[in-house]
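> If it helps, the file is called work.cif and holds mmCIF, C-alpha atoms and all ligand atoms:
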data_structure
#
loop_
_atom_site.group_PDB
_atom_site.id
_atom_site.type_symbol
_atom_site.label_atom_id
_atom_site.label_comp_id
_atom_site.auth_asym_id
_atom_site.auth_seq_id
_atom_site.Cartn_x
_atom_site.Cartn_y
_atom_site.Cartn_z
ATOM 1 C CA MET A 108 7.882 -23.606 29.469
ATOM 2 C CA SER A 109 7.916 -25.291 26.115
ATOM 3 C CA THR A 110 10.837 -24.954 23.797
ATOM 4 C CA LEU A 111 9.875 -23.450 20.489
ATOM 5 C CA ASN A 112 11.371 -24.973 17.415
ATOM 6 C CA SER A 113 11.721 -22.430 14.731
ATOM 7 C CA GLY A 114 11.913 -25.137 12.131
ATOM 8 C CA ILE A 115 15.228 -23.743 11.079
ATOM 9 C CA LEU A 116 18.719 -25.006 10.733
ATOM 10 C CA PRO A 117 21.836 -22.981 11.530
ATOM 11 C CA SER A 118 22.258 -19.909 9.431
ATOM 12 C CA SER A 119 24.811 -21.412 7.077
ATOM 13 C CA ARG A 120 22.114 -23.817 5.942
ATOM 14 C CA GLU A 121 19.270 -21.375 6.233
ATOM 15 C CA VAL A 122 17.966 -21.963 2.744
ATOM 16 C CA ASP A 123 16.888 -25.517 3.533
ATOM 17 C CA SER A 124 14.584 -24.331 6.228
ATOM 18 C CA ILE A 125 11.931 -22.286 4.612
ATOM 19 C CA HIS A 126 8.257 -22.985 4.447
ATOM 20 C CA ASP A 127 6.866 -22.050 1.105
ATOM 21 C CA SER A 128 4.712 -18.966 1.560
ATOM 22 C CA ARG A 129 3.427 -18.775 -1.992
ATOM 23 C CA ASN A 130 0.094 -20.292 -1.022
ATOM 24 C CA GLY A 131 -0.147 -18.251 2.171
ATOM 25 C CA PRO A 132 0.354 -19.509 5.716
ATOM 26 C CA LYS A 133 -1.365 -22.754 6.637
ATOM 27 C CA PRO A 134 -3.773 -22.676 9.588
ATOM 28 C CA PRO A 135 -2.487 -24.166 12.853
ATOM 29 C CA LYS A 136 -3.034 -27.908 13.192
ATOM 30 C CA ASN A 137 -3.326 -27.959 16.958
ATOM 31 C CA THR A 138 -5.327 -25.870 19.376
ATOM 32 C CA GLY A 139 -2.597 -24.890 21.812
ATOM 33 C CA GLY A 140 0.739 -23.173 21.611
ATOM 34 C CA LEU A 141 1.820 -20.297 19.517
ATOM 35 C CA ARG A 142 2.752 -20.149 15.871
ATOM 36 C CA LEU A 143 4.380 -17.171 14.197
ATOM 37 C CA SER A 144 4.743 -16.912 10.432
ATOM 38 C CA LEU A 145 7.107 -14.326 8.986
ATOM 39 C CA LEU A 146 5.253 -12.968 5.961
ATOM 40 C CA GLY A 147 7.594 -10.045 5.258
ATOM 41 C CA THR A 148 11.221 -9.840 6.414
ATOM 42 C CA GLY A 149 12.505 -6.988 4.256
ATOM 43 C CA ASP A 150 13.487 -3.441 5.081
ATOM 44 C CA ALA A 151 11.576 -0.519 3.589
ATOM 45 C CA GLY A 152 13.132 -1.016 0.142
ATOM 46 C CA GLY A 153 12.752 -4.801 0.156
ATOM 47 C CA VAL A 154 14.741 -7.408 -1.743
ATOM 48 C CA PRO A 155 15.210 -7.196 -4.660
ATOM 49 C CA LEU A 156 15.646 -3.451 -4.309
ATOM 50 C CA TYR A 157 14.216 -1.505 -7.234
ATOM 51 C CA GLY A 158 16.962 -0.798 -9.767
ATOM 52 C CA CYS A 159 19.712 -2.677 -7.918
ATOM 53 C CA ASN A 160 21.764 -5.315 -9.700
ATOM 54 C CA CYS A 161 23.821 -6.553 -6.767
ATOM 55 C CA PRO A 162 24.142 -10.355 -6.468
ATOM 56 C CA ALA A 163 21.612 -10.486 -3.615
ATOM 57 C CA CYS A 164 18.990 -8.631 -5.654
ATOM 58 C CA GLU A 165 19.694 -10.650 -8.782
ATOM 59 C CA ARG A 166 19.365 -13.858 -6.756
ATOM 60 C CA ALA A 167 16.007 -12.701 -5.414
ATOM 61 C CA ARG A 168 14.775 -11.935 -8.939
ATOM 62 C CA LEU A 169 15.682 -15.445 -10.073
ATOM 63 C CA ASP A 170 14.340 -17.312 -7.023
ATOM 64 C CA PRO A 171 11.283 -16.046 -5.088
ATOM 65 C CA LEU A 172 12.598 -17.857 -2.016
ATOM 66 C CA PHE A 173 15.032 -14.976 -1.537
ATOM 67 C CA ARG A 174 12.529 -12.163 -1.945
ATOM 68 C CA ARG A 175 11.837 -10.019 1.093
ATOM 69 C CA ARG A 176 8.495 -8.284 1.363
ATOM 70 C CA PRO A 177 7.656 -5.454 3.805
ATOM 71 C CA SER A 178 7.398 -6.118 7.551
ATOM 72 C CA THR A 179 4.449 -8.331 8.439
ATOM 73 C CA ALA A 180 4.058 -11.378 10.686
ATOM 74 C CA LEU A 181 1.097 -13.589 11.544
ATOM 75 C CA VAL A 182 0.627 -14.952 15.062
ATOM 76 C CA GLU A 183 -1.765 -17.856 15.566
ATOM 77 C CA SER A 184 -2.979 -19.754 18.611
ATOM 78 C CA GLY A 185 -6.059 -21.953 18.662
ATOM 79 C CA GLY A 186 -8.521 -20.126 16.456
ATOM 80 C CA THR A 187 -6.947 -16.709 17.030
ATOM 81 C CA ARG A 188 -5.044 -14.947 14.265
ATOM 82 C CA VAL A 189 -3.280 -11.660 15.011
ATOM 83 C CA LEU A 190 -1.228 -9.740 12.488
ATOM 84 C CA ILE A 191 1.932 -7.940 13.593
ATOM 85 C CA ASP A 192 2.349 -4.916 11.333
ATOM 86 C CA ALA A 193 0.713 -4.380 7.974
ATOM 87 C CA GLY A 194 3.543 -3.809 5.527
ATOM 88 C CA LEU A 195 2.058 -6.129 2.901
ATOM 89 C CA VAL A 196 -0.305 -4.354 0.535
ATOM 90 C CA ASP A 197 -2.328 -7.459 -0.384
ATOM 91 C CA LEU A 198 -3.819 -8.087 3.062
ATOM 92 C CA ALA A 199 -7.366 -8.066 1.678
ATOM 93 C CA GLU A 200 -6.525 -11.077 -0.502
ATOM 94 C CA ARG A 201 -4.680 -12.967 2.218
ATOM 95 C CA PHE A 202 -7.111 -12.443 5.088
ATOM 96 C CA PRO A 203 -10.845 -12.609 4.372
ATOM 97 C CA SER A 204 -13.174 -10.357 6.376
ATOM 98 C CA GLY A 205 -13.505 -11.537 9.973
ATOM 99 C CA ASN A 206 -10.311 -13.610 9.750
ATOM 100 C CA LEU A 207 -8.162 -11.479 12.068
ATOM 101 C CA ALA A 208 -8.736 -10.905 15.787
ATOM 102 C CA ALA A 209 -6.582 -7.784 15.628
ATOM 103 C CA ILE A 210 -3.616 -6.089 14.030
ATOM 104 C CA LEU A 211 -0.752 -4.972 16.275
ATOM 105 C CA LEU A 212 1.434 -2.185 14.939
ATOM 106 C CA THR A 213 5.005 -1.786 16.094
ATOM 107 C CA HIS A 214 4.969 1.828 14.870
ATOM 108 C CA PHE A 215 3.582 4.101 12.185
ATOM 109 C CA HIS A 216 6.351 4.137 9.582
ATOM 110 C CA PRO A 217 4.893 3.523 6.103
ATOM 111 C CA ASP A 218 6.621 0.165 5.536
ATOM 112 C CA HIS A 219 4.729 -1.177 8.585
ATOM 113 C CA VAL A 220 1.290 0.337 7.966
ATOM 114 C CA GLN A 221 0.955 0.721 4.193
ATOM 115 C CA GLY A 222 -1.369 -2.311 3.953
ATOM 116 C CA LEU A 223 -3.950 -0.480 6.089
ATOM 117 C CA PHE A 224 -4.482 2.283 3.540
ATOM 118 C CA HIS A 225 -6.442 -0.098 1.328
ATOM 119 C CA LEU A 226 -7.925 -2.366 3.992
ATOM 120 C CA ARG A 227 -9.616 0.487 5.865
ATOM 121 C CA TRP A 228 -12.144 1.123 3.071
ATOM 122 C CA GLY A 229 -13.532 -2.405 3.284
ATOM 123 C CA THR A 230 -16.851 -3.400 4.808
ATOM 124 C CA GLY A 231 -17.871 -5.995 7.400
ATOM 125 C CA PRO A 232 -16.609 -6.517 10.957
ATOM 126 C CA ARG A 233 -14.394 -3.792 12.345
ATOM 127 C CA ILE A 234 -10.717 -4.562 12.897
ATOM 128 C CA ASP A 235 -9.024 -3.597 16.166
ATOM 129 C CA VAL A 236 -5.583 -2.111 15.585
ATOM 130 C CA GLY A 237 -3.388 -1.991 18.693
ATOM 131 C CA ALA A 238 -0.552 0.507 18.457
ATOM 132 C CA PRO A 239 1.823 2.672 20.479
ATOM 133 C CA PRO A 240 0.205 5.924 21.677
ATOM 134 C CA ASP A 241 1.852 7.907 18.884
ATOM 135 C CA PRO A 242 -0.014 11.233 18.599
ATOM 136 C CA GLU A 243 0.763 11.538 14.879
ATOM 137 C CA GLY A 244 0.122 8.083 13.445
ATOM 138 C CA CYS A 245 0.758 7.968 9.705
ATOM 139 C CA ALA A 246 -0.754 10.302 7.093
ATOM 140 C CA ASP A 247 -4.566 10.363 7.505
ATOM 141 C CA LEU A 248 -5.027 6.931 9.108
ATOM 142 C CA TYR A 249 -6.439 8.345 12.368
ATOM 143 C CA LYS A 250 -8.697 10.823 10.593
ATOM 144 C CA ASN A 251 -10.036 8.484 7.927
ATOM 145 C CA ASN A 252 -9.883 5.203 9.770
ATOM 146 C CA GLY A 253 -12.718 3.411 7.898
ATOM 147 C CA LEU A 254 -13.298 0.028 9.542
ATOM 148 C CA LEU A 255 -10.153 0.226 11.666
ATOM 149 C CA THR A 256 -10.517 0.884 15.405
ATOM 150 C CA PHE A 257 -7.228 2.144 16.813
ATOM 151 C CA GLN A 258 -6.379 1.185 20.397
ATOM 152 C CA ARG A 259 -3.558 2.935 22.212
ATOM 153 C CA LEU A 260 -1.556 0.285 24.029
ATOM 154 C CA GLN A 261 0.643 1.018 27.037
ATOM 155 C CA GLU A 262 4.176 -0.210 27.558
ATOM 156 C CA PHE A 263 4.530 -3.250 29.839
ATOM 157 C CA SER A 264 0.746 -3.504 30.099
ATOM 158 C CA PRO A 265 -0.479 -6.899 28.755
ATOM 159 C CA ALA A 266 -3.375 -6.870 26.297
ATOM 160 C CA LEU A 267 -5.432 -9.945 25.407
ATOM 161 C CA PHE A 268 -6.403 -10.673 21.790
ATOM 162 C CA GLY A 269 -8.343 -13.941 21.691
ATOM 163 C CA ASP A 270 -5.937 -16.639 22.871
ATOM 164 C CA VAL A 271 -2.860 -14.425 22.504
ATOM 165 C CA THR A 272 -1.495 -12.110 25.186
ATOM 166 C CA ALA A 273 0.704 -9.289 23.896
ATOM 167 C CA THR A 274 2.816 -7.166 26.224
ATOM 168 C CA PRO A 275 4.277 -4.054 24.555
ATOM 169 C CA VAL A 276 7.902 -3.177 25.322
ATOM 170 C CA PRO A 277 9.433 0.129 24.181
ATOM 171 C CA LEU A 278 12.135 0.019 21.493
ATOM 172 C CA VAL A 279 14.670 2.599 20.232
ATOM 173 C CA HIS A 280 13.725 4.040 16.845
ATOM 174 C CA SER A 281 13.082 7.383 15.122
ATOM 175 C CA LYS A 282 9.351 7.029 15.859
ATOM 176 C CA MET A 283 7.565 5.764 18.980
ATOM 177 C CA THR A 284 7.898 2.001 18.616
ATOM 178 C CA PHE A 285 6.775 -1.072 20.550
ATOM 179 C CA GLY A 286 8.090 -4.596 20.437
ATOM 180 C CA TYR A 287 5.588 -7.273 21.464
ATOM 181 C CA CYS A 288 6.062 -10.117 23.924
ATOM 182 C CA LEU A 289 3.581 -12.698 22.631
ATOM 183 C CA GLU A 290 2.320 -15.483 24.819
ATOM 184 C CA ALA A 291 -0.140 -18.365 24.512
ATOM 185 C CA GLY A 292 -0.153 -21.310 26.877
ATOM 186 C CA SER A 293 3.463 -21.775 27.906
ATOM 187 C CA ALA A 294 4.944 -20.551 24.610
ATOM 188 C CA ARG A 295 6.618 -17.149 24.386
ATOM 189 C CA ILE A 296 7.923 -15.252 21.372
ATOM 190 C CA ALA A 297 9.310 -11.697 21.441
ATOM 191 C CA TYR A 298 8.979 -9.629 18.256
ATOM 192 C CA LEU A 299 11.396 -6.675 18.414
ATOM 193 C CA CYS A 300 11.374 -4.514 15.274
ATOM 194 C CA ASP A 301 12.250 -1.682 14.388
ATOM 195 C CA THR A 302 15.008 -0.871 16.837
ATOM 196 C CA ILE A 303 18.648 -0.025 17.416
ATOM 197 C CA GLY A 304 19.642 -1.686 20.659
ATOM 198 C CA LEU A 305 17.082 -1.897 23.465
ATOM 199 C CA PRO A 306 16.115 0.468 26.312
ATOM 200 C CA PRO A 307 17.310 -0.731 29.759
ATOM 201 C CA GLY A 308 13.732 -1.287 30.965
ATOM 202 C CA SER A 309 12.969 -3.550 28.016
ATOM 203 C CA VAL A 310 16.193 -5.495 28.557
ATOM 204 C CA GLU A 311 15.245 -6.120 32.183
ATOM 205 C CA PHE A 312 11.712 -7.180 31.259
ATOM 206 C CA LEU A 313 12.903 -9.550 28.529
ATOM 207 C CA LYS A 314 15.556 -11.097 30.772
ATOM 208 C CA GLN A 315 12.868 -11.974 33.305
ATOM 209 C CA TRP A 316 10.282 -12.969 30.703
ATOM 210 C CA ARG A 317 12.628 -15.469 29.026
ATOM 211 C CA PRO A 318 11.213 -15.827 25.511
ATOM 212 C CA ASP A 319 11.646 -19.136 23.707
ATOM 213 C CA CYS A 320 12.489 -17.236 20.551
ATOM 214 C CA VAL A 321 13.295 -13.601 19.697
ATOM 215 C CA ILE A 322 12.535 -12.088 16.303
ATOM 216 C CA LEU A 323 14.966 -9.178 16.111
ATOM 217 C CA ASP A 324 15.606 -6.192 13.852
ATOM 218 C CA CYS A 325 18.842 -6.557 11.897
ATOM 219 C CA CYS A 326 18.838 -4.309 8.864
ATOM 220 C CA HIS A 327 22.539 -3.807 8.218
ATOM 221 C CA PRO A 328 25.744 -5.809 7.852
ATOM 222 C CA PRO A 329 28.365 -4.896 10.474
ATOM 223 C CA LEU A 330 28.986 -1.130 10.185
ATOM 224 C CA GLU A 331 32.008 0.884 11.294
ATOM 225 C CA ARG A 332 29.845 3.394 13.130
ATOM 226 C CA ARG A 333 26.959 2.473 15.397
ATOM 227 C CA PRO A 334 23.782 2.753 13.282
ATOM 228 C CA ARG A 335 21.034 5.220 14.258
ATOM 229 C CA ASN A 336 17.683 3.563 13.599
ATOM 230 C CA HIS A 337 18.161 -0.144 12.995
ATOM 231 C CA ASN A 338 20.506 -2.813 14.255
ATOM 232 C CA ASP A 339 23.495 -3.970 12.315
ATOM 233 C CA VAL A 340 24.769 -7.495 12.950
ATOM 234 C CA ARG A 341 26.906 -6.336 15.878
ATOM 235 C CA THR A 342 24.216 -4.421 17.756
ATOM 236 C CA ALA A 343 21.666 -7.171 17.093
ATOM 237 C CA LEU A 344 23.969 -9.764 18.656
ATOM 238 C CA GLU A 345 24.672 -7.377 21.568
ATOM 239 C CA SER A 346 20.952 -7.026 22.241
ATOM 240 C CA ALA A 347 20.390 -10.765 21.952
ATOM 241 C CA ASP A 348 23.165 -11.388 24.484
ATOM 242 C CA ALA A 349 21.869 -8.672 26.828
ATOM 243 C CA ILE A 350 18.507 -10.408 27.175
ATOM 244 C CA GLY A 351 19.983 -13.919 27.211
ATOM 245 C CA ALA A 352 18.090 -14.933 24.071
ATOM 246 C CA ARG A 353 18.278 -18.667 23.429
ATOM 247 C CA ARG A 354 17.073 -18.524 19.838
ATOM 248 C CA VAL A 355 17.168 -15.478 17.577
ATOM 249 C CA ILE A 356 15.762 -14.869 14.123
ATOM 250 C CA LEU A 357 16.830 -11.722 12.298
ATOM 251 C CA THR A 358 14.336 -9.678 10.318
ATOM 252 C CA HIS A 359 13.941 -6.274 8.554
ATOM 253 C CA VAL A 360 16.846 -7.426 6.388
ATOM 254 C CA SER A 361 18.277 -5.145 3.681
ATOM 255 C CA HIS A 362 19.815 -6.243 0.395
ATOM 256 C CA GLU A 363 23.192 -5.115 1.789
ATOM 257 C CA LEU A 364 22.856 -7.571 4.664
ATOM 258 C CA ASP A 365 21.809 -10.355 2.278
ATOM 259 C CA LEU A 366 24.884 -9.590 0.174
ATOM 260 C CA TRP A 367 27.116 -9.677 3.264
ATOM 261 C CA LEU A 368 25.558 -12.989 4.314
ATOM 262 C CA MET A 369 26.253 -14.454 0.864
ATOM 263 C CA ASN A 370 29.943 -13.767 1.503
ATOM 264 C CA HIS A 371 29.986 -14.683 5.198
ATOM 265 C CA ALA A 372 28.042 -17.942 5.370
ATOM 266 C CA GLY A 373 28.253 -19.649 8.734
ATOM 267 C CA THR A 374 29.608 -16.665 10.669
ATOM 268 C CA LEU A 375 26.542 -16.098 12.833
ATOM 269 C CA PRO A 376 26.345 -17.974 16.151
ATOM 270 C CA ARG A 377 24.436 -21.246 15.952
ATOM 271 C CA HIS A 378 21.464 -19.932 17.934
ATOM 272 C CA VAL A 379 21.020 -17.051 15.449
ATOM 273 C CA ALA A 380 19.322 -17.512 12.073
ATOM 274 C CA VAL A 381 18.249 -15.176 9.331
ATOM 275 C CA GLY A 382 14.515 -14.929 8.760
ATOM 276 C CA ARG A 383 12.910 -15.602 5.399
ATOM 277 C CA ASP A 384 9.468 -14.746 4.086
ATOM 278 C CA GLY A 385 7.284 -17.744 4.858
ATOM 279 C CA MET A 386 9.373 -19.036 7.767
ATOM 280 C CA VAL A 387 7.237 -20.503 10.541
ATOM 281 C CA ILE A 388 8.164 -20.587 14.207
ATOM 282 C CA ASP A 389 6.062 -22.940 16.293
ATOM 283 C CA ASP A 390 6.204 -25.499 19.072
ATOM 284 C CA ARG A 391 5.959 -28.587 16.926
ATOM 285 C CA ASN A 392 8.818 -30.619 15.573
ATOM 286 C CA THR A 393 7.812 -30.174 11.990
ATOM 287 C CA GLU A 394 10.497 -30.152 9.389
ATOM 288 C CA PRO A 395 9.919 -27.233 7.087
ATOM 289 C CA SER A 396 9.590 -27.848 3.414
ATOM 290 C CA ARG A 397 10.060 -25.843 0.281
HETATM 291 ZN ZN ZN B 1 20.863 -5.074 -4.192
HETATM 292 ZN ZN ZN B 2 10.605 2.160 11.233
HETATM 293 ZN ZN ZN B 3 10.715 -0.581 9.106
#
Is it possible to give me this structure as structure tokens?

Amino acid sequence: MSTLNSGILPSSREVDSIHDSRNGPKPPKNTGGLRLSLLGTGDAGGVPLYGCNCPACERARLDPLFRRRPSTALVESGGTRVLIDAGLVDLAERFPSGNLAAILLTHFHPDHVQGLFHLRWGTGPRIDVGAPPDPEGCADLYKNNGLLTFQRLQEFSPALFGDVTATPVPLVHSKMTFGYCLEAGSARIAYLCDTIGLPPGSVEFLKQWRPDCVILDCCHPPLERRPRNHNDVRTALESADAIGARRVILTHVSHELDLWLMNHAGTLPRHVAVGRDGMVIDDRNTEPSR
């Protein structure tokens, strides 16, 4: 199994590590392996949060590097490009028609599907959208699906999208939610968002599967009471330990967590880093650049 290098430094130096996403993700340079680009690492409100003047939001207004857009990630292997979630609302500009092999949805909350509401009315090749078998979906997406073809995926049942194999694992959230165990060649990345903790079956699967890198929900700074829908720093680290994760990148980050991190630099374990929009995780020893 290859070791994935997330192209990141320890969390206290996280800022040095970011690819610049302003020109969109670059295509993969090699034909093997797996490359995951975090395009949106914010919670539903994003950073900066509308109307908030906290230091984390003010920082994000001054420097786009610190902005957090809605949940979206791009997985690439060979010529295959698969989107994980569709929180970004400018997908039509980022991904020309025919560019994506599929879109995988973790769940049907608006901050993960809102980009589909515009994309569906396009023309050209249909887009397969793999999703949990949620009978409700979101608003009228099932009824007026346009060029989207929804596929109901099954937990622990691998599905092949071009060169990428995705195995759904159930998560714990207020809506039916899947994480995805993504595999190409010998590279493995687990994308686990949105969730609070992990169900025992998913823990067992992930322990056996041994991902090179885990992208993990962490919305909140450490809270006094166990949160209900998203991890705080404590429950995220508990989950990471439970599955024996060797490298962890936190996502679905709120402005409160960014503010906490500003005041607690260097407190996360060395194998845990905070995701940023534009961060790339791949199996090459490339030094990221701003
Ligand atoms: Zn704020
Ligand atoms: Zn959600
Ligand atoms: Zn969410």
> Would you mind telling me which residue in A:Met386, A:Leu223, A:Ala266, A:Ala352 lies nearest to Arg175 of chain A when using all atoms listed in the file?
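When distances to Arg175 of chain A are compared using all atoms listed in the file, the smallest one comes from A:Met386.
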> List the neighbours of segment 289-291 of chain A out to 10 Å using all atoms listed in the file; skip same-chain residues closer than 4 positions along the sequence, and give me the result as a JSON list (two decimals) with C-alpha atoms, in the coordinates of the input.

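Listed below is the output, part_32.json:
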[["chain", "number", "residue", "atom", "x", "y", "z"],
["A", 139, "GLY", "CA", -2.60, -24.89, 21.81],
["A", 140, "GLY", "CA", 0.74, -23.17, 21.61],
["A", 141, "LEU", "CA", 1.82, -20.30, 19.52],
["A", 142, "ARG", "CA", 2.75, -20.15, 15.87],
["A", 143, "LEU", "CA", 4.38, -17.17, 14.20],
["A", 182, "VAL", "CA", 0.63, -14.95, 15.06],
["A", 183, "GLU", "CA", -1.76, -17.86, 15.57],
["A", 184, "SER", "CA", -2.98, -19.75, 18.61],
["A", 185, "GLY", "CA", -6.06, -21.95, 18.66],
["A", 265, "PRO", "CA", -0.48, -6.90, 28.76],
["A", 266, "ALA", "CA", -3.38, -6.87, 26.30],
["A", 267, "LEU", "CA", -5.43, -9.94, 25.41],
["A", 269, "GLY", "CA", -8.34, -13.94, 21.69],
["A", 270, "ASP", "CA", -5.94, -16.64, 22.87],
["A", 271, "VAL", "CA", -2.86, -14.42, 22.50],
["A", 272, "THR", "CA", -1.50, -12.11, 25.19],
["A", 273, "ALA", "CA", 0.70, -9.29, 23.90],
["A", 274, "THR", "CA", 2.82, -7.17, 26.22],
["A", 275, "PRO", "CA", 4.28, -4.05, 24.56],
["A", 295, "ARG", "CA", 6.62, -17.15, 24.39],
["A", 296, "ILE", "CA", 7.92, -15.25, 21.37],
["A", 297, "ALA", "CA", 9.31, -11.70, 21.44],
["A", 298, "TYR", "CA", 8.98, -9.63, 18.26],
["A", 318, "PRO", "CA", 11.21, -15.83, 25.51]]
> If you count only C-alpha atoms and all ligand atoms, which residues end up within 10 Å of ligand ZN 2 (chain B), as number ranges by chain?
A: 150-151, 178, 213-219, 279-284, 300-302, 336-337, 359
> Which polymer residues, protein or nucleic acid, are no farther than 8 Å from (-9.4, 1.6, 19.4), counting only C-alpha atoms, as a ChimeraX atom specification?
/A:235-237,255-259
> Would you mind exporting the chosen residues as an mmCIF file, keeping the file's coordinate frame, restricted to C-alpha atoms?

data_model
loop_
_atom_site.group_PDB
_atom_site.id
_atom_site.type_symbol
_atom_site.label_atom_id
_atom_site.label_comp_id
_atom_site.auth_asym_id
_atom_site.auth_seq_id
_atom_site.Cartn_x
_atom_site.Cartn_y
_atom_site.Cartn_z
ATOM 1 C CA ASP A 235 -9.024 -3.597 16.166
ATOM 2 C CA VAL A 236 -5.583 -2.111 15.585
ATOM 3 C CA GLY A 237 -3.388 -1.991 18.693
ATOM 4 C CA LEU A 255 -10.153 0.226 11.666
ATOM 5 C CA THR A 256 -10.517 0.884 15.405
ATOM 6 C CA PHE A 257 -7.228 2.144 16.813
ATOM 7 C CA GLN A 258 -6.379 1.185 20.397
ATOM 8 C CA ARG A 259 -3.558 2.935 22.212
#
> Check the smallest atom-to-atom distance from each of A:Leu299, A:Leu330, A:Ile350, A:Cys164 to Trp316 of chain A using only C-alpha atoms, then report the winner.
A:Ile350
> Specify as a PyMOL selection string each residue included when the PyMOL selection byres (((chain A and resi 155) around 6) and not hetatm) is applied to this file.
chain A and resi 153-154+156+164+167
> Just checking: using all atoms listed in the file, which residue out of A:Pro177, A:Pro328, A:Pro242, A:Pro376 ends up closest to Val196 of chain A?
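Smallest distance to Val196 of chain A is found for A:Pro177.
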> For Gly304 of chain A, which of A:Leu207, A:Leu368, A:Asn338, A:Tyr157 is the closest residue, counting all atoms listed in the file?
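Smallest distance to Gly304 of chain A is found for A:Asn338.
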> Hey, which bits of chain A sit within 12 Å of ligand ZN 1 (chain B), and for each residue what's the closest pair of atoms and how far apart in Å (one decimal), counting all atoms listed in the file, rows by chain and increasing number, as CSV?

residue,atom,partner,partner_atom,distance
A:Asp150,CA,B:ZN1,ZN,12.0
A:Gly152,CA,B:ZN1,ZN,9.7
A:Gly153,CA,B:ZN1,ZN,9.2
A:Val154,CA,B:ZN1,ZN,7.0
A:Pro155,CA,B:ZN1,ZN,6.1
A:Leu156,CA,B:ZN1,ZN,5.5
A:Tyr157,CA,B:ZN1,ZN,8.1
A:Gly158,CA,B:ZN1,ZN,8.0
A:Cys159,CA,B:ZN1,ZN,4.6
A:Asn160,CA,B:ZN1,ZN,5.6
A:Cys161,CA,B:ZN1,ZN,4.2
A:Pro162,CA,B:ZN1,ZN,6.6
A:Ala163,CA,B:ZN1,ZN,5.5
A:Cys164,CA,B:ZN1,ZN,4.3
A:Glu165,CA,B:ZN1,ZN,7.3
A:Arg166,CA,B:ZN1,ZN,9.3
A:Ala167,CA,B:ZN1,ZN,9.1
A:Arg168,CA,B:ZN1,ZN,10.3
A:Phe173,CA,B:ZN1,ZN,11.8
A:Arg174,CA,B:ZN1,ZN,11.2
A:Arg175,CA,B:ZN1,ZN,11.6
A:Val360,CA,B:ZN1,ZN,11.6
A:Ser361,CA,B:ZN1,ZN,8.3
A:His362,CA,B:ZN1,ZN,4.8
A:Glu363,CA,B:ZN1,ZN,6.4
A:Leu364,CA,B:ZN1,ZN,9.4
A:Asp365,CA,B:ZN1,ZN,8.4
A:Leu366,CA,B:ZN1,ZN,7.5
A:Trp367,CA,B:ZN1,ZN,10.8
A:Met369,CA,B:ZN1,ZN,11.9
> Take the PyMOL selection byres (((chain A and resi 306) around 10) and not hetatm), apply it to the structure above, and return the hits as a list in words.
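In the shown coordinates, the PyMOL selection byres (((chain A and resi 306) around 10) and not hetatm) covers Val276, Pro277, Leu278, Val279, Thr302, Ile303, Gly304, Leu305, Pro307, Gly308, Ser309, Val310, Glu311 and Ser346 of chain A.
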> For C-alpha atoms, I'd like the residues from the last selection saved as a compact mmCIF listing (two decimals), keeping the file's coordinate frame.

# COMPACT_ATOMS: atom_id res chain seq x y z
CA VAL A 276 7.90 -3.18 25.32
CA PRO A 277 9.43 0.13 24.18
CA LEU A 278 12.14 0.02 21.49
CA VAL A 279 14.67 2.60 20.23
CA THR A 302 15.01 -0.87 16.84
CA ILE A 303 18.65 -0.02 17.42
CA GLY A 304 19.64 -1.69 20.66
CA LEU A 305 17.08 -1.90 23.46
CA PRO A 307 17.31 -0.73 29.76
CA GLY A 308 13.73 -1.29 30.96
CA SER A 309 12.97 -3.55 28.02
CA VAL A 310 16.19 -5.50 28.56
CA GLU A 311 15.24 -6.12 32.18
CA SER A 346 20.95 -7.03 22.24
> Of the candidates A:Val220, A:Cys320, A:Cys288, A:Ala246, which one gets nearest to ligand ZN 3 (chain B) if we count only C-alpha atoms and all ligand atoms?
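Residue with the minimum atom-to-atom distance to ligand ZN 3 (chain B): A:Val220.
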> Just the number, please: distance in Å from atom ZN of ligand ZN 3 (chain B) to atom CA of Gly194 of chain A, one decimal.
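About the pair atom ZN of ligand ZN 3 (chain B) and atom CA of Gly194 of chain A: they are 8.6 Å apart.
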> A:Asp389, A:Asp324, A:Asp319, A:Glu262: which is nearest ligand ZN 3 (chain B), counting only C-alpha atoms and all ligand atoms?
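When distances to ligand ZN 3 (chain B) are compared using only C-alpha atoms and all ligand atoms, the smallest one comes from A:Asp324.
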> What does the structure give for the distance between atom CA of Asn251 of chain A and atom CA of Phe224 of chain A, in Å to one decimal?
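Going from atom CA of Asn251 of chain A over to atom CA of Phe224 of chain A, I get 9.4 Å.
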> Quick check, in Å to one decimal: how far apart do atom CA of Arg353 of chain A and atom CA of Gly382 of chain A lie?
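Taking atom CA of Arg353 of chain A as the start and atom CA of Gly382 of chain A as the end point, the length is 15.6 Å.
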> Which centre and edge lengths in Å to one decimal define the box along x, y and z that fits every listed atom of segment 194-203 of chain A plus 5 Å per side, as lines of an AutoDock Vina configuration file?

center_x = -3.7
center_y = -8.4
center_z = 2.5
size_x = 24.4
size_y = 19.2
size_z = 16.0
> Which polymer residues have any atom within 10 Å of an atom of Gly231 of chain A, counting all atoms listed in the file, with same-chain residues fewer than 3 positions away left out, as a ChimeraX atom specification?
/A:204-205,234,254
